[in-house]
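Next up, target_6.txt (compact mmCIF, C-alpha atoms):
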```txt
# COMPACT_ATOMS: atom_id res chain seq x y z
CA MET A 1 27.87 -89.51 99.33
CA ALA A 2 27.27 -91.33 96.04
CA GLY A 3 26.29 -94.99 96.15
CA PRO A 4 28.46 -98.01 95.37
CA GLN A 5 29.52 -99.05 91.86
CA GLY A 6 26.78 -100.59 89.74
CA LEU A 7 23.86 -99.85 92.08
CA VAL A 8 20.51 -99.00 90.44
CA THR A 9 17.79 -97.83 92.81
CA VAL A 10 14.24 -97.49 91.49
CA GLY A 11 12.32 -95.09 93.71
CA LEU A 12 8.57 -95.67 93.34
CA GLY A 13 6.41 -92.79 94.48
CA SER A 14 4.06 -90.00 93.46
CA HIS A 15 4.43 -86.54 91.95
CA HIS A 16 3.28 -84.83 95.13
CA ALA A 17 5.37 -82.44 97.22
CA GLU A 18 5.19 -84.72 100.27
CA VAL A 19 7.45 -87.26 98.54
CA LEU A 20 10.30 -84.77 98.03
CA PRO A 21 12.16 -85.36 101.34
CA PHE A 22 12.27 -89.09 100.56
CA LEU A 23 13.31 -88.47 96.94
CA ARG A 24 16.08 -86.18 98.15
CA GLU A 25 17.35 -88.80 100.59
CA GLN A 26 17.70 -91.37 97.81
CA MET A 27 19.23 -88.92 95.31
CA GLU A 28 21.88 -88.10 97.89
CA ARG A 29 23.20 -91.67 97.66
CA HIS A 30 23.67 -91.83 93.88
CA GLN A 31 25.94 -90.35 91.25
CA THR A 32 23.33 -90.18 88.47
CA ILE A 33 19.68 -89.13 88.84
CA VAL A 34 17.26 -90.31 86.14
CA LEU A 35 14.01 -88.35 86.00
CA GLU A 36 10.67 -89.68 84.83
CA GLU A 37 10.21 -87.15 82.03
CA PRO A 38 11.22 -86.56 78.41
CA PRO A 39 14.08 -84.15 77.63
CA VAL A 40 13.15 -80.46 77.62
CA PRO A 41 15.48 -78.05 75.74
CA GLY A 42 15.90 -75.57 78.62
CA PHE A 43 16.49 -78.16 81.35
CA GLN A 44 20.29 -78.07 81.55
CA THR A 45 20.24 -74.28 81.16
CA MET A 46 17.90 -74.09 84.17
CA LEU A 47 20.14 -76.39 86.21
CA ARG A 48 23.11 -74.14 85.49
CA GLY A 49 21.18 -71.11 86.69
CA HIS A 50 20.99 -69.36 83.31
CA LEU A 51 17.21 -69.81 83.09
CA SER A 52 14.81 -69.21 85.97
CA VAL A 53 12.72 -72.10 87.24
CA ASP A 54 9.51 -70.20 86.44
CA ASP A 55 10.63 -69.54 82.84
CA TYR A 56 11.69 -73.17 82.48
CA LEU A 57 8.31 -74.42 83.71
CA LEU A 58 6.62 -72.36 80.98
CA GLU A 59 8.17 -74.89 78.56
CA VAL A 60 6.69 -77.82 80.48
CA ASP A 61 3.08 -78.96 80.44
CA SER A 62 3.09 -79.61 84.17
CA GLU A 63 0.32 -81.58 85.85
CA PHE A 64 1.82 -80.84 89.28
CA PRO A 65 3.36 -77.33 89.09
CA GLN A 66 4.07 -76.99 92.82
CA PHE A 67 5.87 -80.32 92.87
CA ASP A 68 7.88 -79.42 89.76
CA ARG A 69 8.89 -76.02 91.15
CA LEU A 70 10.18 -77.54 94.40
CA MET A 71 11.81 -80.44 92.54
CA CYS A 72 13.72 -78.03 90.28
CA ALA A 73 15.21 -76.29 93.33
CA ILE A 74 16.46 -79.64 94.66
CA LEU A 75 17.86 -80.65 91.27
CA LYS A 76 19.73 -77.36 90.92
CA GLU A 77 21.38 -78.03 94.27
CA PHE A 78 22.45 -81.54 93.23
CA HIS A 79 23.71 -80.23 89.89
CA GLY A 80 25.89 -77.79 91.82
CA ARG A 81 27.30 -80.77 93.68
CA ARG A 82 28.32 -82.36 90.38
CA ARG A 83 25.62 -85.00 90.20
CA ARG A 84 24.61 -86.09 86.71
CA ILE A 85 20.91 -85.43 86.12
CA VAL A 86 19.14 -86.74 83.02
CA GLN A 87 15.58 -86.72 81.71
CA LEU A 88 14.89 -90.19 80.36
CA GLU A 89 11.47 -91.29 79.09
CA PRO A 90 11.75 -92.68 75.53
CA TYR A 91 8.02 -93.43 75.22
CA LEU A 92 6.97 -89.87 76.05
CA GLU A 93 9.77 -88.45 73.93
CA ARG A 94 8.51 -90.38 70.90
CA LEU A 95 4.91 -89.44 71.71
CA ILE A 96 5.92 -85.77 71.53
CA GLU A 97 7.54 -86.54 68.18
CA ILE A 98 4.24 -88.02 66.96
CA HIS A 99 2.33 -84.91 68.05
CA GLU A 100 4.85 -82.71 66.25
CA LEU A 101 4.44 -84.74 63.05
CA PHE A 102 0.66 -84.26 63.16
CA ALA A 103 1.16 -80.55 63.85
CA GLU A 104 3.20 -80.42 60.62
CA GLY A 105 0.26 -81.89 58.73
CA LYS A 106 1.47 -85.49 58.55
CA LEU A 107 -1.07 -88.34 58.37
CA PRO A 108 -1.38 -91.46 60.56
CA VAL A 109 0.19 -93.53 57.77
CA ASP A 110 3.33 -91.37 58.01
CA VAL A 111 3.60 -92.35 61.69
CA THR A 112 2.79 -96.04 61.30
CA ASP A 113 5.41 -96.33 58.55
CA SER A 114 8.04 -95.62 61.22
CA ALA A 115 9.17 -98.68 63.19
CA ARG A 116 10.21 -96.36 66.07
CA LEU A 117 6.77 -94.79 66.39
CA ARG A 118 4.28 -97.41 65.23
CA ASN A 119 3.77 -99.31 68.51
CA ILE A 120 3.52 -96.09 70.53
CA TYR A 121 0.95 -94.62 68.15
CA GLU A 122 -1.16 -97.79 68.27
CA ALA A 123 -0.95 -98.06 72.07
CA GLU A 124 -1.96 -94.43 72.50
CA ARG A 125 -4.77 -94.72 69.97
CA ARG A 126 -6.26 -97.74 71.76
CA ALA A 127 -5.90 -96.22 75.23
CA THR A 128 -7.31 -92.85 74.20
CA GLY A 129 -10.25 -94.50 72.45
CA ALA A 130 -10.98 -96.60 75.53
CA LEU A 131 -10.76 -93.53 77.77
CA ILE A 132 -13.23 -91.60 75.60
CA SER A 133 -15.57 -94.60 75.63
CA TYR A 134 -15.35 -94.68 79.44
CA TYR A 135 -16.17 -90.97 79.73
CA THR A 136 -19.16 -91.42 77.43
CA SER A 137 -20.36 -94.51 79.29
CA SER A 138 -19.97 -92.95 82.75
CA ALA A 139 -22.38 -90.17 81.81
CA LYS A 140 -25.26 -92.32 80.57
CA ASP A 141 -24.89 -96.10 80.85
CA PRO A 142 -26.09 -98.47 83.61
CA PHE A 143 -23.47 -99.37 86.17
CA PRO A 144 -22.41 -102.80 84.77
CA LYS A 145 -21.64 -101.22 81.38
CA VAL A 146 -19.61 -98.46 83.03
CA VAL A 147 -17.63 -101.14 84.90
CA GLU A 148 -16.88 -102.86 81.59
CA ALA A 149 -15.71 -99.53 80.15
CA VAL A 150 -13.35 -99.07 83.12
CA LYS A 151 -11.90 -102.54 82.57
CA LYS A 152 -11.47 -101.94 78.85
CA PHE A 153 -9.51 -98.76 79.54
CA ALA A 154 -7.42 -100.42 82.26
CA ARG A 155 -6.42 -103.21 79.83
CA ALA A 156 -5.46 -100.70 77.13
CA ASP A 157 -3.59 -98.58 79.67
CA ALA A 158 -1.71 -101.65 80.91
CA ILE A 159 -0.48 -102.38 77.37
CA ARG A 160 0.65 -98.76 76.99
CA LEU A 161 2.41 -98.72 80.37
CA LEU A 162 4.23 -102.00 79.73
CA LEU A 163 5.58 -100.64 76.45
CA ARG A 164 6.65 -97.48 78.23
CA ASP A 165 8.43 -99.44 80.97
CA ARG A 166 10.14 -101.75 78.46
CA LEU A 167 11.55 -98.83 76.47
CA ARG A 168 12.65 -97.00 79.58
CA ALA A 169 14.37 -100.08 81.04
CA HIS A 170 16.42 -100.45 77.85
CA ALA A 171 17.51 -96.79 78.02
CA ILE A 172 18.35 -97.00 81.74
CA ALA A 173 20.42 -100.15 81.23
CA SER A 174 22.46 -98.29 78.61
CA ALA A 175 22.96 -95.33 80.95
CA ALA A 176 23.96 -97.61 83.83
CA ALA A 177 27.02 -98.81 81.94
CA SER A 178 28.66 -95.39 82.30
CA SER A 179 27.65 -94.52 85.87
CA GLN A 180 28.79 -95.56 89.32
CA SER A 181 25.26 -95.56 90.74
CA ILE A 182 21.86 -94.52 89.44
CA PHE A 183 18.66 -93.38 91.11
CA VAL A 184 15.58 -93.82 88.89
CA GLU A 185 12.44 -91.81 89.60
CA ALA A 186 9.24 -93.76 88.80
CA GLY A 187 5.55 -93.70 89.64
CA TYR A 188 4.01 -96.53 91.67
CA ILE A 189 2.22 -97.86 88.59
CA HIS A 190 5.60 -98.54 86.96
CA TYR A 191 6.57 -101.45 89.20
CA PRO A 192 7.09 -103.70 86.10
CA LEU A 193 9.98 -101.39 85.17
CA THR A 194 12.05 -103.20 87.78
CA GLN A 195 11.32 -106.55 86.15
CA PHE A 196 12.34 -105.26 82.72
CA LEU A 197 15.53 -103.81 84.23
CA ARG A 198 16.49 -107.18 85.69
CA ARG A 199 15.99 -108.79 82.28
CA GLN A 200 18.08 -106.10 80.59
CA MET A 201 20.87 -106.01 83.17
CA GLY A 202 20.92 -109.60 84.40
CA SER A 203 19.78 -111.14 87.67
CA SER A 204 23.21 -110.53 89.22
CA SER A 205 22.89 -106.74 88.82
CA ARG A 206 22.36 -104.66 91.93
CA ILE A 207 18.81 -103.43 91.36
CA ARG A 208 17.09 -102.09 94.46
CA VAL A 209 13.44 -101.06 94.75
CA VAL A 210 12.37 -98.42 97.27
CA PHE A 211 8.75 -97.45 97.93
CA LEU A 212 9.50 -93.86 98.83
CA LEU A 213 6.47 -93.06 100.97
CA GLU A 214 6.24 -96.46 102.65
CA PRO A 215 7.36 -95.17 106.11
CA VAL A 216 4.58 -92.56 106.08
CA ILE A 217 1.96 -94.94 104.67
CA THR A 218 2.81 -97.60 107.26
CA ARG A 219 2.71 -95.11 110.14
CA LEU A 220 -0.71 -93.82 109.03
CA GLY A 221 -2.21 -97.30 108.61
CA GLY A 222 -2.24 -97.52 104.82
CA LYS A 223 -1.85 -100.72 102.83
CA ARG A 224 -0.99 -101.93 99.29
CA ARG A 225 1.52 -99.05 99.00
CA ASN A 226 -1.60 -96.87 99.25
CA LEU A 227 -2.65 -97.70 95.69
CA GLY A 228 -6.27 -97.07 94.84
CA PRO A 229 -8.43 -99.79 93.23
CA GLY A 230 -7.99 -98.32 89.74
CA ASP A 231 -4.20 -98.56 89.92
CA VAL A 232 -4.44 -102.05 91.44
CA LEU A 233 -6.65 -103.08 88.51
CA THR A 234 -4.20 -101.71 85.95
CA LEU A 235 -1.25 -103.39 87.68
CA LEU A 236 -3.20 -106.64 87.74
CA TYR A 237 -3.55 -106.48 83.96
CA MET A 238 0.15 -105.59 83.65
CA LEU A 239 1.33 -108.50 85.79
CA HIS A 240 -1.23 -111.23 85.05
CA ARG A 241 -2.65 -112.28 81.69
CA GLN A 242 -6.04 -113.47 82.91
CA PRO A 243 -7.03 -112.16 86.35
CA SER A 244 -10.36 -113.41 87.67
CA ARG A 245 -13.48 -111.62 86.47
CA SER A 246 -14.94 -111.29 89.97
CA LEU A 247 -11.81 -109.47 91.16
CA THR A 248 -11.54 -107.16 88.14
CA ASP A 249 -15.26 -106.34 88.37
CA LEU A 250 -14.92 -105.43 92.04
CA LEU A 251 -11.79 -103.31 91.53
CA ALA A 252 -13.38 -101.47 88.60
CA ALA A 253 -16.54 -100.85 90.64
CA ARG A 254 -14.56 -99.51 93.59
CA SER A 255 -12.45 -97.33 91.28
CA LEU A 256 -15.62 -95.57 90.08
CA ILE A 257 -16.34 -94.54 93.66
CA THR A 258 -12.73 -93.58 94.38
CA ILE A 259 -12.57 -91.30 91.33
CA LYS A 260 -15.51 -89.30 92.68
CA LEU A 261 -14.13 -89.01 96.23
CA ILE A 262 -10.38 -88.47 95.92
CA LYS A 263 -9.07 -84.89 96.03
CA LYS A 264 -8.01 -83.71 92.58
CA GLU A 265 -6.19 -80.48 93.48
CA GLU A 266 -2.47 -80.42 94.26
CA LEU A 267 -1.99 -80.30 98.04
CA LEU A 268 1.11 -79.01 99.83
CA PRO A 269 2.35 -80.16 103.23
CA GLY A 270 1.19 -77.79 105.96
CA ALA A 271 -0.90 -78.71 108.97
CA THR A 272 -0.30 -82.28 107.85
CA ALA A 273 2.99 -83.50 106.36
CA ALA A 274 1.43 -85.84 103.82
CA PRO A 275 -2.03 -84.55 102.79
CA HIS A 276 -2.35 -86.72 99.68
CA VAL A 277 -1.33 -89.87 101.55
CA GLU A 278 -3.85 -89.15 104.29
CA ASP A 279 -6.64 -88.48 101.79
CA GLU A 280 -5.83 -91.66 99.84
CA ILE A 281 -5.75 -93.79 103.00
CA ARG A 282 -9.12 -92.45 104.10
CA ILE A 283 -10.74 -93.08 100.71
CA ASN A 284 -9.09 -96.49 100.20
CA ASN A 285 -10.17 -97.67 103.64
CA MET A 286 -13.72 -96.59 102.86
CA VAL A 287 -14.03 -98.22 99.42
CA ASP A 288 -12.27 -101.42 100.55
CA ARG A 289 -15.38 -102.17 102.61
CA LEU A 290 -17.72 -101.88 99.62
CA GLY A 291 -18.98 -104.85 97.65
CA PHE A 292 -20.04 -104.67 94.01
CA GLU A 293 -23.70 -103.96 94.86
CA ASP A 294 -22.67 -101.29 97.36
CA CYS A 295 -20.64 -99.57 94.65
CA GLU A 296 -23.59 -99.73 92.26
CA LYS A 297 -25.97 -98.13 94.76
CA LEU A 298 -23.47 -95.45 95.69
CA PHE A 299 -22.47 -94.71 92.10
CA ASN A 300 -26.08 -94.20 91.05
CA THR A 301 -26.48 -91.73 93.93
CA ILE A 302 -23.30 -89.68 93.47
CA ARG A 303 -22.76 -89.99 89.71
CA PHE A 304 -23.59 -86.34 88.99
CA LEU A 305 -22.69 -84.78 92.36
CA ASN A 306 -19.58 -82.68 92.97
CA GLY A 307 -16.63 -84.09 94.91
CA ASP A 308 -17.42 -82.62 98.35
CA LEU A 309 -21.07 -83.67 98.26
CA SER A 310 -20.14 -87.11 96.91
CA LEU A 311 -17.78 -87.58 99.85
CA ARG A 312 -20.43 -86.65 102.41
CA VAL A 313 -22.92 -89.06 100.83
CA ALA A 314 -20.32 -91.84 100.70
CA GLU A 315 -19.29 -91.31 104.33
CA LYS A 316 -22.94 -91.46 105.42
CA TYR A 317 -23.48 -94.63 103.37
CA SER A 318 -20.32 -96.22 104.81
CA CYS A 319 -21.36 -95.41 108.39
CA SER A 320 -24.87 -96.81 107.92
CA ARG A 321 -23.47 -99.95 106.32
CA THR A 322 -21.05 -100.44 109.23
CA ARG A 323 -23.87 -100.09 111.77
CA ASN A 324 -26.01 -102.61 109.89
CA HIS A 325 -23.17 -105.16 109.94
```
Starting from the file, lay out its structure as structure tokens.
Amino acid sequence: MAGPQGLVTVGLGSHHAEVLPFLREQMERHQTIVLEEPPVPGFQTMLRGHLSVDDYLLEVDSEFPQFDRLMCAILKEFHGRRRRIVQLEPYLERLIEIHELFAEGKLPVDVTDSARLRNIYEAERRATGALISYYTSSAKDPFPKVVEAVKKFARADAIRLLLRDRLRAHAIASAAASSQSIFVEAGYIHYPLTQFLRRQMGSSSRIRVVFLLEPVITRLGGKRRNLGPGDVLTLLYMLHRQPSRSLTDLLAARSLITIKLIKKEELLPGATAAPHVEDEIRINNMVDRLGFEDCEKLFNTIRFLNGDLSLRVAEKYSCSRTRNH
């Protein structure tokens, strides 16, 4: 049953398979489904069943292929039930346009001459430069310098994400004018999207925010929507102009430990219904107990270790620290 007239629901979650039952529940209540991705030429053909999901995914540079495969099956079902499904991510769409221009041999000046592309190019250039500087620093610099590199990237990423959310809010507001109800897929880091939507659509608009995995996170003892310290740091820069240095230093330090410990591979529900949530809760609970000096000691020990060994070392350190306190 589609939702009431004028309702816009922003569903904040992850691109992991464990979120799909909660995504599906929200999609069921809305007439239009807005996906967090740029338009792909074969998308509507796939929804109509004239292109296989596997062939469609060959056109997509998927970071989470298992999630995307399962998501496509759900979207095909909703398309068959006459729901309107759109891919809407203006920032990423224009970023693809920039890459295509460079592939054609165009120069940076050709991009910056375009008012549509200039801000996106500059935001990406700054964020990519800061990310490369972080990678370089993490391999050779003392811990305080690596922390500064993390903060520099988080600030540049925050600027990029705010621009992305602002452009997307404008596009969603336009789409909302022609739909009874809209469900908007968005990652947790895009919470400011809801603020931009309220500015675009007016405070009287029916904008609802749902943290999709909150029931699971609450049941398993997670907190802060299960965001890791790196995402908290980026959101802090997105929402506050001058957060305190002591807090940003601590979050950056903890993020360096989290990056080493968190599972990188895509996990599917099996023996546990929410493997990513459980892993994130375990790691977040561990690093939340670490002070800046703890992070420095641990980072210097695990910097060049693989993920499994890093986790064993961190668990041993955490246990010994707990006993000593």
Q: Please provide the set of residues having any atom within 8 Å of A:Leu23, restricted to all atoms listed in the file, with same-chain residues fewer than 3 positions apart removed, written as a ChimeraX atom specification.
A: /A:11,19-20,26-27,212
**Q.** Among the residues A:Pro229, A:Pro144, A:Pro39, A:Pro90, the one that comes closest to A:Asn300 [using only C-alpha atoms]
**A.**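 That would be A:Pro144, the residue with the smallest distance to A:Asn300.
The interatomic distance for the pair atom CA of A:Gly187 and atom CA of A:Thr136 works out to 27.7 Å.
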Q | Spatial neighbours of stretch 294-299 of chain A, 7 Å, all atoms listed in the file, chain gap at least 6 places, as JSON, numbers by chain | A | {"A": [143, 253, 254, 257, 314]}
(Q) Residues near A:Tyr134, anyone? I mean within 10 Å using only C-alpha atoms, not counting same-chain ones fewer than 2 positions away, as a PyMOL selection string. (A) chain A and resi 128-132+136-139+141+145-153
Q. Which one of A:Leu309, A:Phe304, A:Met286, A:Ala158 sits closest to A:His240 if you count only C-alpha atoms?
A.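 Distance minimum relative to A:His240 lands on A:Ala158.
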(Q) One number please: atom CA of A:Ile281 to atom CA of A:Leu193, in Å, one decimal. (A) 25.0 Å
Q.
Quick check, in Å to one decimal: how far apart do atom CA of A:Arg245 and atom CA of A:Arg155 lie?
A.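 Answer for the atom CA of A:Arg245 to atom CA of A:Arg155 separation: 12.8 Å.
Closest approach to A:Lys223 among A:Gln66, A:Asn285, A:Gln44, A:Ser52 is made by A:Asn285 (distances from only C-alpha atoms).
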**Q.** Neighbour list for A:Asp231 as a list in words, cut-off 9 Å, all atoms listed in the file, skip fewer than 4 positions in-chain
**A.**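 Residues near the query, excluding close chain neighbours: Ala154, Tyr188, Ile189, Leu227, Leu235, Leu236 and Ser255 of chain A.
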Emit the selected residues as an mmCIF file, in the frame of the given file, including C-alpha atoms.
```cif
data_model
loop_
_atom_site.group_PDB
_atom_site.id
_atom_site.type_symbol
_atom_site.label_atom_id
_atom_site.label_comp_id
_atom_site.auth_asym_id
_atom_site.auth_seq_id
_atom_site.Cartn_x
_atom_site.Cartn_y
_atom_site.Cartn_z
ATOM 1 C CA ALA A 154 -7.420 -100.420 82.260
ATOM 2 C CA TYR A 188 4.010 -96.530 91.670
ATOM 3 C CA ILE A 189 2.220 -97.860 88.590
ATOM 4 C CA LEU A 227 -2.650 -97.700 95.690
ATOM 5 C CA LEU A 235 -1.250 -103.390 87.680
ATOM 6 C CA LEU A 236 -3.200 -106.640 87.740
ATOM 7 C CA SER A 255 -12.450 -97.330 91.280
#
```
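Comparing the minimum interatomic distances between A:Asp54 and each of A:Val40, A:Ile283, A:Cys72, A:Leu239, counting all atoms listed in the file, we find that A:Cys72 sits nearest.
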Q) With only C-alpha atoms as the basis for distance, which of A:Glu36, A:Glu278, A:Asp55, A:Glu63 is at the shortest distance from A:Gly222? A)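 Among the listed residues, A:Glu278 lies closest to A:Gly222.
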(Q) Give me the residues near A:His190 as JSON, numbers by chain, where near means some atom within 9 Å (using all atoms listed in the file) and where sequence neighbours in that chain fewer than 5 positions away do not count. (A) {"A": [12, 161, 162, 164, 165, 235]}
(Q) Measuring between all atoms listed in the file, which one of A:Arg126, A:Arg69, A:His170, A:His276 shows the shortest distance to A:Val216? (A)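 Nearest to A:Val216: A:His276.
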